[in-house]
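Raw entry.txt, compact mmCIF, C-alpha atoms:
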# COMPACT_ATOMS: atom_id res chain seq x y z
CA MET A 16 0.00 0.00 0.00
CA GLU A 17 1.30 3.43 -0.99
CA GLY A 18 4.78 1.96 -1.49
CA ARG A 19 5.70 1.90 2.18
CA PRO A 20 4.51 -1.56 3.24
CA ALA A 21 6.60 -3.19 0.50
CA GLU A 22 9.69 -1.91 2.23
CA ASP A 23 8.24 -2.80 5.60
CA ALA A 24 7.74 -6.32 4.31
CA VAL A 25 11.44 -6.61 3.47
CA LEU A 26 12.44 -5.41 6.94
CA VAL A 27 9.90 -7.69 8.60
CA ASP A 28 11.17 -10.65 6.62
CA ARG A 29 14.75 -9.87 7.61
CA ALA A 30 13.74 -9.44 11.26
CA GLN A 31 11.87 -12.75 11.17
CA HIS A 32 15.09 -14.37 10.10
CA GLY A 33 17.07 -13.00 13.00
CA ASP A 34 18.23 -9.62 11.65
CA THR A 35 17.74 -7.41 14.70
CA ASP A 36 19.02 -4.30 12.90
CA ALA A 37 16.13 -4.61 10.47
CA TYR A 38 13.76 -4.56 13.40
CA GLY A 39 15.58 -1.51 14.75
CA GLU A 40 14.77 0.23 11.48
CA LEU A 41 11.09 -0.58 11.91
CA VAL A 42 11.16 0.76 15.47
CA ARG A 43 12.67 4.05 14.32
CA ARG A 44 10.17 4.28 11.51
CA TYR A 45 7.12 3.80 13.70
CA GLN A 46 8.15 5.03 17.14
CA ALA A 47 6.28 8.34 16.72
CA LEU A 48 3.13 6.62 15.52
CA ALA A 49 3.29 4.01 18.26
CA THR A 50 3.87 6.56 21.00
CA ARG A 51 1.03 8.76 19.81
CA THR A 52 -1.32 5.78 19.68
CA ALA A 53 -0.41 4.85 23.24
CA TYR A 54 -0.72 8.47 24.31
CA VAL A 55 -4.27 8.78 23.04
CA ILE A 56 -5.14 5.85 25.32
CA THR A 57 -3.04 6.50 28.42
CA GLY A 58 -3.08 10.30 28.35
CA LEU A 59 0.35 10.42 29.95
CA SER A 60 3.41 10.82 27.79
CA THR A 61 5.73 8.85 30.09
CA GLU A 62 3.35 5.90 30.18
CA ALA A 63 2.79 6.20 26.47
CA GLU A 64 6.47 5.85 25.76
CA ASP A 65 6.72 2.91 28.09
CA ALA A 66 3.71 1.24 26.48
CA ALA A 67 5.14 1.86 23.01
CA GLN A 68 8.46 0.28 23.97
CA ASP A 69 6.72 -2.73 25.47
CA GLY A 70 4.53 -2.94 22.39
CA PHE A 71 7.60 -3.03 20.16
CA THR A 72 9.13 -5.72 22.37
CA LYS A 73 6.00 -7.87 22.26
CA ALA A 74 5.71 -7.37 18.52
CA TYR A 75 9.31 -8.53 18.09
CA PHE A 76 8.63 -11.81 19.81
CA ALA A 77 5.37 -12.20 17.92
CA LEU A 78 7.04 -11.75 14.52
CA GLY A 79 6.92 -15.51 14.04
CA ARG A 80 3.11 -15.27 13.93
CA PHE A 81 3.04 -12.27 11.63
CA ARG A 82 1.26 -13.15 8.40
CA THR A 83 3.55 -12.70 5.42
CA GLY A 84 2.30 -9.95 3.13
CA ALA A 85 0.08 -8.31 5.75
CA PRO A 86 0.74 -4.61 6.48
CA PHE A 87 3.03 -4.19 9.46
CA ARG A 88 1.88 -0.76 10.65
CA PRO A 89 -1.68 -1.60 11.79
CA TRP A 90 -0.51 -4.93 13.22
CA LEU A 91 2.03 -3.08 15.35
CA LEU A 92 -0.46 -0.40 16.42
CA ARG A 93 -2.90 -3.06 17.56
CA ILE A 94 -0.26 -4.54 19.85
CA VAL A 95 0.78 -1.11 21.14
CA ALA A 96 -2.86 -0.10 21.73
CA ASN A 97 -3.49 -3.28 23.73
CA GLU A 98 -0.41 -2.60 25.79
CA ALA A 99 -1.59 0.95 26.49
CA LYS A 100 -5.13 -0.22 27.36
CA ASN A 101 -3.76 -2.74 29.84
CA ARG A 102 -1.74 -0.03 31.52
CA ARG A 103 -4.66 2.31 31.75
CA LYS A 104 -6.88 -0.46 33.18
CA ALA A 105 -4.20 -1.34 35.72
CA ALA A 106 -3.94 2.30 36.73
CA GLY A 107 -7.74 2.39 37.06
CA ARG A 108 -8.28 5.90 35.82
CA ARG A 109 -9.68 7.79 32.90
CA PRO A 110 -7.14 9.25 30.54
CA THR A 111 -6.73 12.97 30.45
CA VAL A 112 -5.46 13.71 27.00
CA ASP A 113 -3.46 16.80 27.64
CA LEU A 114 -1.72 18.48 24.80
CA SER A 115 -0.50 21.48 26.71
CA VAL A 116 3.06 20.43 26.01
CA ALA A 117 2.27 19.89 22.38
CA GLU A 118 0.75 23.35 22.16
CA ASP A 119 4.16 24.81 22.89
CA ARG A 120 5.65 23.07 19.91
CA PRO A 121 6.35 25.15 16.83
CA SER A 122 3.41 25.00 14.49
CA GLY A 123 2.67 25.86 10.90
CA ASP A 124 0.42 28.71 11.94
CA THR A 125 2.84 31.42 10.83
CA ALA A 126 0.44 32.54 8.10
CA LEU A 127 -2.18 33.33 10.71
CA SER A 128 -2.60 36.69 12.39
CA PRO A 129 -2.02 36.69 16.16
CA GLU A 130 -5.78 36.84 16.69
CA GLU A 131 -6.43 33.93 14.32
CA ALA A 132 -3.63 31.90 15.87
CA ALA A 133 -5.05 32.53 19.33
CA LEU A 134 -8.49 31.47 18.17
CA ALA A 135 -7.12 28.30 16.53
CA SER A 136 -5.27 27.47 19.72
CA GLU A 137 -8.43 28.01 21.77
CA ARG A 138 -10.36 25.76 19.39
CA ARG A 139 -7.76 23.01 19.72
CA THR A 140 -7.85 23.17 23.51
CA PHE A 141 -11.64 23.10 23.39
CA VAL A 142 -11.82 20.10 21.03
CA LEU A 143 -9.15 18.36 23.03
CA GLY A 144 -11.19 18.74 26.19
CA ALA A 145 -14.18 17.24 24.41
CA LEU A 146 -12.01 14.41 23.07
CA GLY A 147 -11.05 13.48 26.61
CA LYS A 148 -14.73 12.91 27.40
CA LEU A 149 -15.18 10.37 24.63
CA ARG A 150 -15.04 6.63 25.19
CA GLU A 151 -11.70 5.03 24.49
CA GLU A 152 -12.83 3.28 21.29
CA ASP A 153 -14.23 6.54 19.89
CA ARG A 154 -11.08 8.43 20.75
CA LEU A 155 -8.91 5.79 19.15
CA VAL A 156 -10.83 5.68 15.87
CA ILE A 157 -10.63 9.48 15.65
CA ALA A 158 -6.93 9.41 16.43
CA TYR A 159 -6.21 6.81 13.78
CA ARG A 160 -8.07 8.82 11.17
CA TYR A 161 -7.13 12.40 12.01
CA PHE A 162 -3.93 12.18 14.02
CA MET A 163 -2.24 9.34 12.17
CA GLN A 164 -3.94 9.45 8.79
CA LEU A 165 -4.41 5.69 8.58
CA SER A 166 -6.34 4.36 5.62
CA GLU A 167 -9.67 2.66 6.24
CA ALA A 168 -8.10 -0.74 5.67
CA GLU A 169 -5.33 0.01 8.12
CA MET A 170 -7.80 1.30 10.67
CA ALA A 171 -9.80 -1.91 10.36
CA ASP A 172 -6.65 -3.97 10.97
CA ALA A 173 -5.47 -1.79 13.82
CA LEU A 174 -8.86 -1.85 15.54
CA GLY A 175 -9.46 -5.51 14.79
CA VAL A 176 -12.84 -4.88 13.13
CA ALA A 177 -14.29 -5.40 9.66
CA ARG A 178 -13.67 -2.63 7.15
CA GLY A 179 -17.37 -1.89 6.95
CA THR A 180 -17.43 -1.23 10.67
CA VAL A 181 -14.71 1.44 10.51
CA LYS A 182 -16.82 4.00 8.65
CA SER A 183 -19.81 3.68 10.95
CA ARG A 184 -17.63 3.70 14.05
CA LEU A 185 -15.82 6.84 12.87
CA SER A 186 -18.97 8.74 11.99
CA ARG A 187 -20.52 7.73 15.31
CA ALA A 188 -17.41 8.95 17.15
CA ILE A 189 -17.42 12.26 15.28
CA ALA A 190 -21.13 12.67 16.01
CA ARG A 191 -20.50 12.15 19.72
CA LEU A 192 -17.63 14.60 19.64
CA ARG A 193 -19.85 17.18 17.98
CA GLU A 194 -22.55 16.61 20.57
CA ILE A 195 -20.09 17.20 23.38
CA THR A 196 -18.69 20.36 21.78
CA ALA A 197 -22.21 21.67 21.08
CA ASP A 198 -23.29 20.96 24.67
CA GLU A 199 -20.30 22.80 26.01
CA VAL A 200 -20.86 25.81 23.77
CA THR A 201 -24.47 25.89 24.98
CA ALA A 202 -23.32 25.59 28.56
CA GLY A 203 -20.90 28.42 27.93
CA VAL A 204 -17.78 26.45 28.73
CA MET B 15 -15.81 28.67 23.08
CA SER B 16 -18.64 30.96 22.30
CA GLU B 17 -19.53 29.59 18.86
CA ARG B 18 -20.38 26.15 17.58
CA ILE B 19 -17.75 24.40 15.54
CA ASP B 20 -18.97 23.07 12.22
CA GLU B 21 -17.95 19.64 10.95
CA ARG B 22 -15.21 20.84 8.61
CA GLU B 23 -13.72 23.01 11.28
CA LEU B 24 -13.86 20.13 13.71
CA GLU B 25 -12.02 17.88 11.29
CA ARG B 26 -9.41 20.54 10.59
CA THR B 27 -8.91 21.14 14.29
CA LEU B 28 -8.46 17.41 14.86
CA SER B 29 -5.78 17.30 12.16
CA GLU B 30 -4.06 20.28 13.78
CA ILE B 31 -4.08 18.50 17.12
CA GLY B 32 -2.55 15.45 15.46
CA GLU B 33 0.29 17.53 14.07
CA ARG B 34 1.03 18.84 17.53
CA LEU B 35 0.93 15.55 19.40
CA ASP B 36 4.10 15.06 21.28
CA HIS B 37 6.34 12.10 20.55
CA PRO B 38 9.88 11.22 21.56
CA ALA B 39 12.47 12.71 19.26
CA ARG B 40 15.27 10.41 20.39
CA ASP B 41 15.86 6.98 18.88
CA MET B 42 13.74 4.44 20.75
CA TRP B 43 15.52 1.38 19.39
CA PRO B 44 18.28 1.12 22.06
CA ALA B 45 15.62 1.02 24.79
CA VAL B 46 13.53 -1.52 22.87
CA ARG B 47 16.59 -3.66 22.16
CA ALA B 48 17.40 -3.66 25.88
CA ARG B 49 13.85 -4.77 26.67
CA ILE B 50 14.09 -7.57 24.15
CA ALA B 51 17.29 -8.74 25.84
CA ASP B 52 15.77 -8.33 29.30
CA ARG B 53 12.70 -10.37 28.60
CA HIS B 54 12.40 -13.44 30.80
CA ALA B 55 15.38 -12.30 32.84
CA SER B 56 13.58 -12.01 36.16
CA PRO B 57 12.63 -15.68 36.73
CA TRP B 58 16.22 -16.57 36.26
CA TRP B 59 17.49 -13.98 38.68
CA SER B 60 15.11 -15.16 41.35
CA ARG B 61 16.44 -18.63 40.83
CA LEU B 62 20.00 -17.43 40.99
CA GLY B 63 19.20 -16.55 44.58
CA LEU B 64 18.77 -20.26 45.12
CA SER B 65 22.10 -20.95 43.53
CA GLY B 66 23.29 -23.11 46.44
CA GLY B 67 20.61 -25.68 45.80
CA MET B 68 20.84 -25.21 42.10
CA VAL B 69 24.51 -25.94 41.84
CA ALA B 70 24.75 -28.59 44.55
CA PRO B 71 24.66 -31.50 42.13
CA VAL B 72 27.46 -30.09 40.12
CA ALA B 73 30.75 -31.87 40.76
CA ALA B 74 33.49 -30.07 42.66
CA THR B 75 35.58 -29.70 39.55
CA LEU B 76 32.91 -27.40 38.21
CA ALA B 77 32.71 -25.29 41.32
CA VAL B 78 34.91 -22.57 39.91
CA ILE B 79 32.71 -22.20 36.89
CA VAL B 80 29.58 -22.08 38.98
CA VAL B 81 30.98 -19.56 41.42
CA ALA B 82 31.99 -17.47 38.47
CA ALA B 83 28.39 -17.60 37.37
CA LEU B 84 27.47 -15.57 40.41
CA LEU B 85 29.84 -12.82 39.39
CA LEU B 86 27.87 -11.89 36.34
CA THR B 87 28.21 -8.42 35.02
CA PRO B 88 24.82 -6.76 34.58
CA GLY B 89 25.10 -6.58 30.79
CA VAL B 90 25.91 -10.24 30.48
CA ALA B 91 23.27 -11.18 33.02
CA ASP B 92 20.65 -9.49 30.86
CA ALA B 93 21.65 -11.65 27.96
CA LEU B 94 21.95 -14.77 30.06
CA GLY B 95 18.66 -14.33 31.80
CA HIS B 96 16.44 -15.19 28.92
CA LEU B 97 18.38 -18.29 28.04
CA LEU B 98 17.39 -19.66 31.37
CA SER B 99 13.76 -19.47 30.38
CA ILE B 100 14.28 -22.43 28.07
CA PRO B 101 12.83 -25.34 30.00
CA GLY B 102 15.49 -27.73 31.20
CA VAL B 103 18.46 -25.60 30.24
CA GLN B 104 20.52 -23.36 32.41
CA ILE B 105 23.34 -21.17 31.26
CA TYR B 106 26.26 -19.98 33.31
CA GLN B 107 28.58 -17.18 32.45
CA VAL B 108 32.27 -17.85 33.00
CA PRO B 109 35.02 -15.23 32.91
CA GLU B 110 37.14 -17.11 30.40
CA SER B 111 36.18 -19.13 27.38
CA PRO B 112 36.56 -22.81 28.24
CA THR B 113 38.99 -25.00 26.34
CA ALA B 114 38.62 -28.63 25.35
CA ARG B 115 40.98 -31.32 26.54
CA PRO B 116 44.12 -31.40 24.42
CA ASN B 117 43.47 -34.99 23.42
CA ALA B 118 39.97 -34.23 22.29
CA SER B 119 38.79 -36.64 19.67
CA ALA B 120 35.66 -37.12 17.64
CA PRO B 121 32.71 -37.33 20.01
CA THR B 122 30.75 -40.42 20.78
CA PHE B 123 27.07 -40.07 21.41
CA ALA B 124 25.39 -41.53 24.45
CA GLY B 125 22.35 -43.74 24.43
CA GLN B 126 20.84 -46.52 22.39
CA ARG B 127 21.27 -46.16 18.66
CA VAL B 128 18.03 -46.56 16.74
CA ALA B 129 17.28 -46.68 13.03
CA THR B 130 14.37 -44.29 12.65
CA ALA B 131 12.70 -41.29 14.24
CA ALA B 132 9.61 -43.45 14.74
CA GLU B 133 11.59 -45.94 16.80
CA ALA B 134 13.18 -43.08 18.76
CA SER B 135 9.69 -41.69 19.43
CA ARG B 136 8.48 -45.06 20.74
CA ILE B 137 11.38 -45.39 23.20
CA ALA B 138 11.46 -41.74 24.22
CA GLY B 139 7.70 -41.54 24.70
CA PHE B 140 7.24 -38.39 22.65
CA ALA B 141 7.08 -37.54 18.96
CA VAL B 142 10.67 -37.01 17.84
CA ARG B 143 10.83 -34.40 15.09
CA THR B 144 13.55 -33.86 12.52
CA PRO B 145 14.31 -30.67 10.58
CA ALA B 146 13.46 -31.27 6.93
CA ALA B 147 16.14 -28.75 5.93
CA LEU B 148 18.87 -31.15 7.09
CA GLY B 149 17.67 -34.16 5.10
CA GLN B 150 18.03 -37.70 6.41
CA PRO B 151 19.76 -38.16 9.77
CA SER B 152 22.93 -40.25 9.86
CA ALA B 153 22.17 -41.65 13.29
CA ILE B 154 19.68 -41.28 16.13
CA TYR B 155 20.45 -42.01 19.79
CA VAL B 156 17.95 -42.27 22.61
CA GLU B 157 18.77 -41.98 26.29
CA THR B 158 16.12 -42.75 28.84
CA ALA B 159 17.42 -41.38 32.15
CA PRO B 160 16.71 -38.60 31.64
CA VAL B 161 14.96 -38.97 28.32
CA ARG B 162 16.92 -37.26 25.60
CA VAL B 163 17.14 -37.86 21.87
CA THR B 164 20.22 -36.94 19.84
CA ILE B 165 19.95 -36.79 16.08
CA VAL B 166 23.23 -36.67 14.18
CA TYR B 167 23.83 -35.39 10.67
CA SER B 168 27.36 -36.42 9.65
CA SER B 169 27.53 -34.43 6.47
CA VAL B 170 25.03 -31.89 5.19
CA LYS B 171 25.67 -30.03 1.96
CA GLY B 172 26.50 -26.42 2.70
CA ILE B 173 27.22 -26.97 6.41
CA PRO B 174 30.88 -27.50 7.28
CA VAL B 175 31.83 -30.35 9.56
CA SER B 176 32.26 -28.71 12.94
CA PRO B 177 35.75 -28.94 14.43
CA GLN B 178 34.02 -29.28 17.78
CA ALA B 179 31.39 -31.88 16.98
CA GLY B 180 33.06 -33.72 14.09
CA VAL B 181 29.76 -33.71 12.21
CA SER B 182 27.72 -31.14 10.27
CA ALA B 183 24.81 -30.86 12.67
CA ILE B 184 23.38 -32.27 15.88
CA VAL B 185 19.80 -31.88 17.06
CA VAL B 186 18.96 -32.72 20.68
CA GLU B 187 15.37 -33.00 21.88
CA PHE B 188 13.95 -33.53 25.35
CA LYS B 189 11.02 -32.68 27.51
CA GLY B 190 12.15 -30.06 29.97
CA THR B 191 10.32 -27.99 32.52
CA ILE B 192 11.37 -24.83 34.26
CA GLU B 193 12.00 -26.90 37.39
CA THR B 194 14.15 -29.51 35.73
CA GLN B 195 17.64 -29.19 34.49
CA ILE B 196 18.67 -31.51 31.71
CA MET B 197 21.47 -29.49 30.31
CA ALA B 198 23.69 -26.58 31.28
CA LYS B 199 26.08 -24.38 29.41
CA ALA B 200 29.10 -22.38 30.46
CA VAL B 201 29.56 -19.40 28.22
CA GLY B 202 32.76 -17.35 28.08
CA PRO B 203 33.19 -13.74 27.02
CA GLY B 204 33.90 -14.71 23.41
CA THR B 205 30.48 -16.25 22.97
CA THR B 206 27.60 -14.08 21.82
CA LEU B 207 24.02 -14.63 22.75
CA ASP B 208 21.02 -13.41 20.75
CA ALA B 209 17.28 -13.78 21.15
CA VAL B 210 15.46 -14.31 17.87
CA PRO B 211 11.77 -14.86 17.12
CA LEU B 212 10.92 -18.40 16.05
CA GLY B 213 7.44 -19.74 15.42
CA GLY B 214 5.30 -18.20 18.12
CA GLY B 215 8.15 -17.97 20.58
CA VAL B 216 11.76 -17.11 21.06
CA ALA B 217 14.95 -18.96 20.20
CA TYR B 218 18.41 -18.27 21.57
CA TYR B 219 21.49 -18.34 19.43
CA LEU B 220 24.97 -18.82 20.85
CA ALA B 221 27.87 -18.19 18.53
CA GLY B 222 31.50 -17.15 18.47
CA GLN B 223 33.84 -18.94 20.85
CA PRO B 224 32.81 -22.53 21.51
CA HIS B 225 31.08 -23.00 24.84
CA GLN B 226 31.13 -25.77 27.40
CA PHE B 227 27.99 -27.74 27.98
CA PHE B 228 26.82 -30.22 30.58
CA PHE B 229 24.30 -33.00 30.47
CA LYS B 230 22.57 -34.55 33.42
CA ASP B 231 23.57 -38.17 33.95
CA PRO B 232 21.21 -40.97 35.09
CA GLN B 233 22.07 -40.17 38.72
CA GLY B 234 20.87 -36.63 38.21
CA ILE B 235 24.35 -35.16 38.33
CA LEU B 236 25.38 -32.62 35.77
CA GLN B 237 28.37 -33.94 33.87
CA PRO B 238 30.53 -31.79 31.65
CA GLU B 239 30.94 -32.85 28.08
CA THR B 240 34.69 -33.25 28.36
CA LEU B 241 35.54 -34.42 24.88
CA ARG B 242 34.51 -31.35 23.06
CA LEU B 243 33.03 -27.89 23.27
CA ALA B 244 29.90 -26.82 21.48
CA GLY B 245 29.94 -24.59 18.42
CA ASN B 246 27.14 -22.33 17.17
CA THR B 247 23.93 -23.42 18.83
CA LEU B 248 20.26 -22.51 18.62
CA LEU B 249 18.03 -23.33 21.60
CA TRP B 250 14.27 -23.17 21.58
CA GLU B 251 11.15 -24.59 23.14
CA GLU B 252 8.08 -25.72 21.29
CA GLY B 253 5.02 -27.55 22.56
CA GLY B 254 6.62 -28.42 25.88
CA TYR B 255 9.80 -29.81 24.33
CA THR B 256 13.19 -28.22 24.24
CA TYR B 257 15.29 -28.38 21.09
CA ARG B 258 18.96 -27.72 20.58
CA LEU B 259 20.55 -27.41 17.16
CA GLU B 260 24.30 -27.33 16.93
CA ALA B 261 25.74 -26.49 13.51
CA GLN B 262 28.30 -24.06 12.17
CA VAL B 263 25.71 -21.92 10.45
CA SER B 264 24.60 -18.30 10.72
CA LYS B 265 21.77 -17.25 12.99
CA GLU B 266 19.48 -16.82 9.99
CA GLU B 267 20.30 -20.29 8.68
CA ALA B 268 19.85 -21.84 12.14
CA VAL B 269 16.38 -20.26 12.36
CA ARG B 270 15.56 -21.58 8.88
CA ILE B 271 16.60 -25.10 9.87
CA ALA B 272 14.68 -24.89 13.14
CA SER B 273 11.58 -23.71 11.28
CA SER B 274 11.67 -26.88 9.17
CA LEU B 275 11.03 -29.27 12.10
CA ARG B 276 8.54 -31.91 10.95
So that I can check it, write out the structure of this file as structure tokens.
Amino acid sequence: MEGRPAEDAVLVDRAQHGDTDAYGELVRRYQALATRTAYVITGLSTEAEDAAQDGFTKAYFALGRFRTGAPFRPWLLRIVANEAKNRRKAAGRRPTVDLSVAEDRPSGDTALSPEEAALASERRTFVLGALGKLREEDRLVIAYRYFMQLSEAEMADALGVARGTVKSRLSRAIARLREITADEVTAGV
Amino acid sequence: MSERIDERELERTLSEIGERLDHPARDMWPAVRARIADRHASPWWSRLGLSGGMVAPVAATLAVIVVAALLLTPGVADALGHLLSIPGVQIYQVPESPTARPNASAPTFAGQRVATAAEASRIAGFAVRTPAALGQPSAIYVETAPVRVTIVYSSVKGIPVSPQAGVSAIVVEFKGTIETQIMAKAVGPGTTLDAVPLGGGVAYYLAGQPHQFFFKDPQGILQPETLRLAGNTLLWEEGGYTYRLEAQVSKEEAVRIASSLR
């Protein structure tokens, strides 16, 4: 798909045959994606990194069961997401997706006026707050689509659902998010 | 917010959030590689605490090696730890690579020689499997106390005859549990240890300097294999049985051979 998985397949094949450097390449390639996935679930960047590293470790030892020709990326994300979910369950708390750190990062908003940039920032904080009130499965489907730009097929693999289910789950999640944002506007939050 | 966000704006905002999500900038691979090496280390460490009982059966001549095993450096211990998760096998680190006796000769194999894998299976009480990649075995030996099957391949095309074993390849199979010890290995600094995925599990590959190995005798005492050292070796567990392949092949080739067990 889109050229990338073909190269992934080569690295996966080499890793399956004992080439650890090839696996290292896959880790570097997907560490950002894996950490972000875990972050959306745990809501804590330290735990997210830990979950991502454990996910990569589990995936390494599961390479023997990886189906040849299947895309690696969603398979990996599924493992990482499970790892993150287990951590969150063990911690027994709701995630608080907090992007305050991320907000400090340089952005591509340079074309915006200070007022527009401030408004965009306010909107992000607002949507983020609403996102934190969603159920985990809704948050994850939104993250895969909008944060990680996964294709529908990849989302289906990563979520472990049929392709047909992805669309309905995504639109349901967006609808819920809109409801929450509308409620909060009405309530004057 | 004082105004409702329409759907397009919501989607755009979500994409903006995605672009700003934090992620580690540093290379994560060293940490992941360390975790791969660490995996299964803890059960072994807890057992190392019981080293007195663990090493008691080992003859006095081996005491130095065993004591040395307690002086593991952390880095080596990480690598050694997961080897110990292979049922029935324990690995000891020694500060110097062992050497074979000067009069070392071609090894003899213990046990009753049988003609076929089927016959070996009947005596051993479990289904003896042979790697298809190695072709027909030259000889099969079965020991019964403890039960252990040794399959010998005198000459396999593409695999040099090992100066240690005097044959191209040896496969050893036995039923081991975490509590039992059928075999032990003493690994010096010149021997490398790698964990590699195999089937649904993990295999361990020892290469470099030959290492010393020990088998348990019928009295339950670990005896060193004195005639020879072991060359490149792959160890793995599958379906409750532990397998050991010794052949002078690369890690990749060893995994390929191991994957061809039938």
Distance filter 8 Å, only C-alpha atoms, chain A against chain B, as a ChimeraX atom specification: /A:31-35,39,42-43,46-47,50-51,60,64,68-69,71-72,75-80,114,116-118,120,122,135,137-139,141-143,158,161-163,193,196-197,199-200,203-204
- request: Rounded to one decimal place, report the atom CA of Glu62 of chain A-atom CA of Arg187 of chain A distance in Å.
  value: 28.2 Å
With 5 Å on each side, where is the centre of the axis-aligned box around all listed atoms of segment 182-185 of chain B, and how long are its edges in Å to one decimal, as JSON?
{"center_x": 23.8, "center_y": -31.6, "center_z": 13.7, "size_x": 17.9, "size_y": 11.4, "size_z": 16.8}
query: Using only C-alpha atoms, which of the listed residues (A:Ala145, A:Thr57, A:Phe87, A:Arg82) sits closest to Ala105 of chain A?
result: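 Looking only at the distances to Ala105 of chain A, the closest residue turns out to be A:Thr57.
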statement: What separates atom CA of Gly58 of chain A and atom CA of Leu92 of chain A is a distance of 16.2 Å
- prompt: Could you state the separation of atom CA of Ile184 of chain B and atom CA of Pro151 of chain B in Å, given to one decimal place?
  reply: 9.2 Å
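Counting all atoms listed in the file, the residue from B:Glu187, B:Val175, B:Gln262, B:Arg127 that sits nearest to Gly139 of chain B is B:Glu187.
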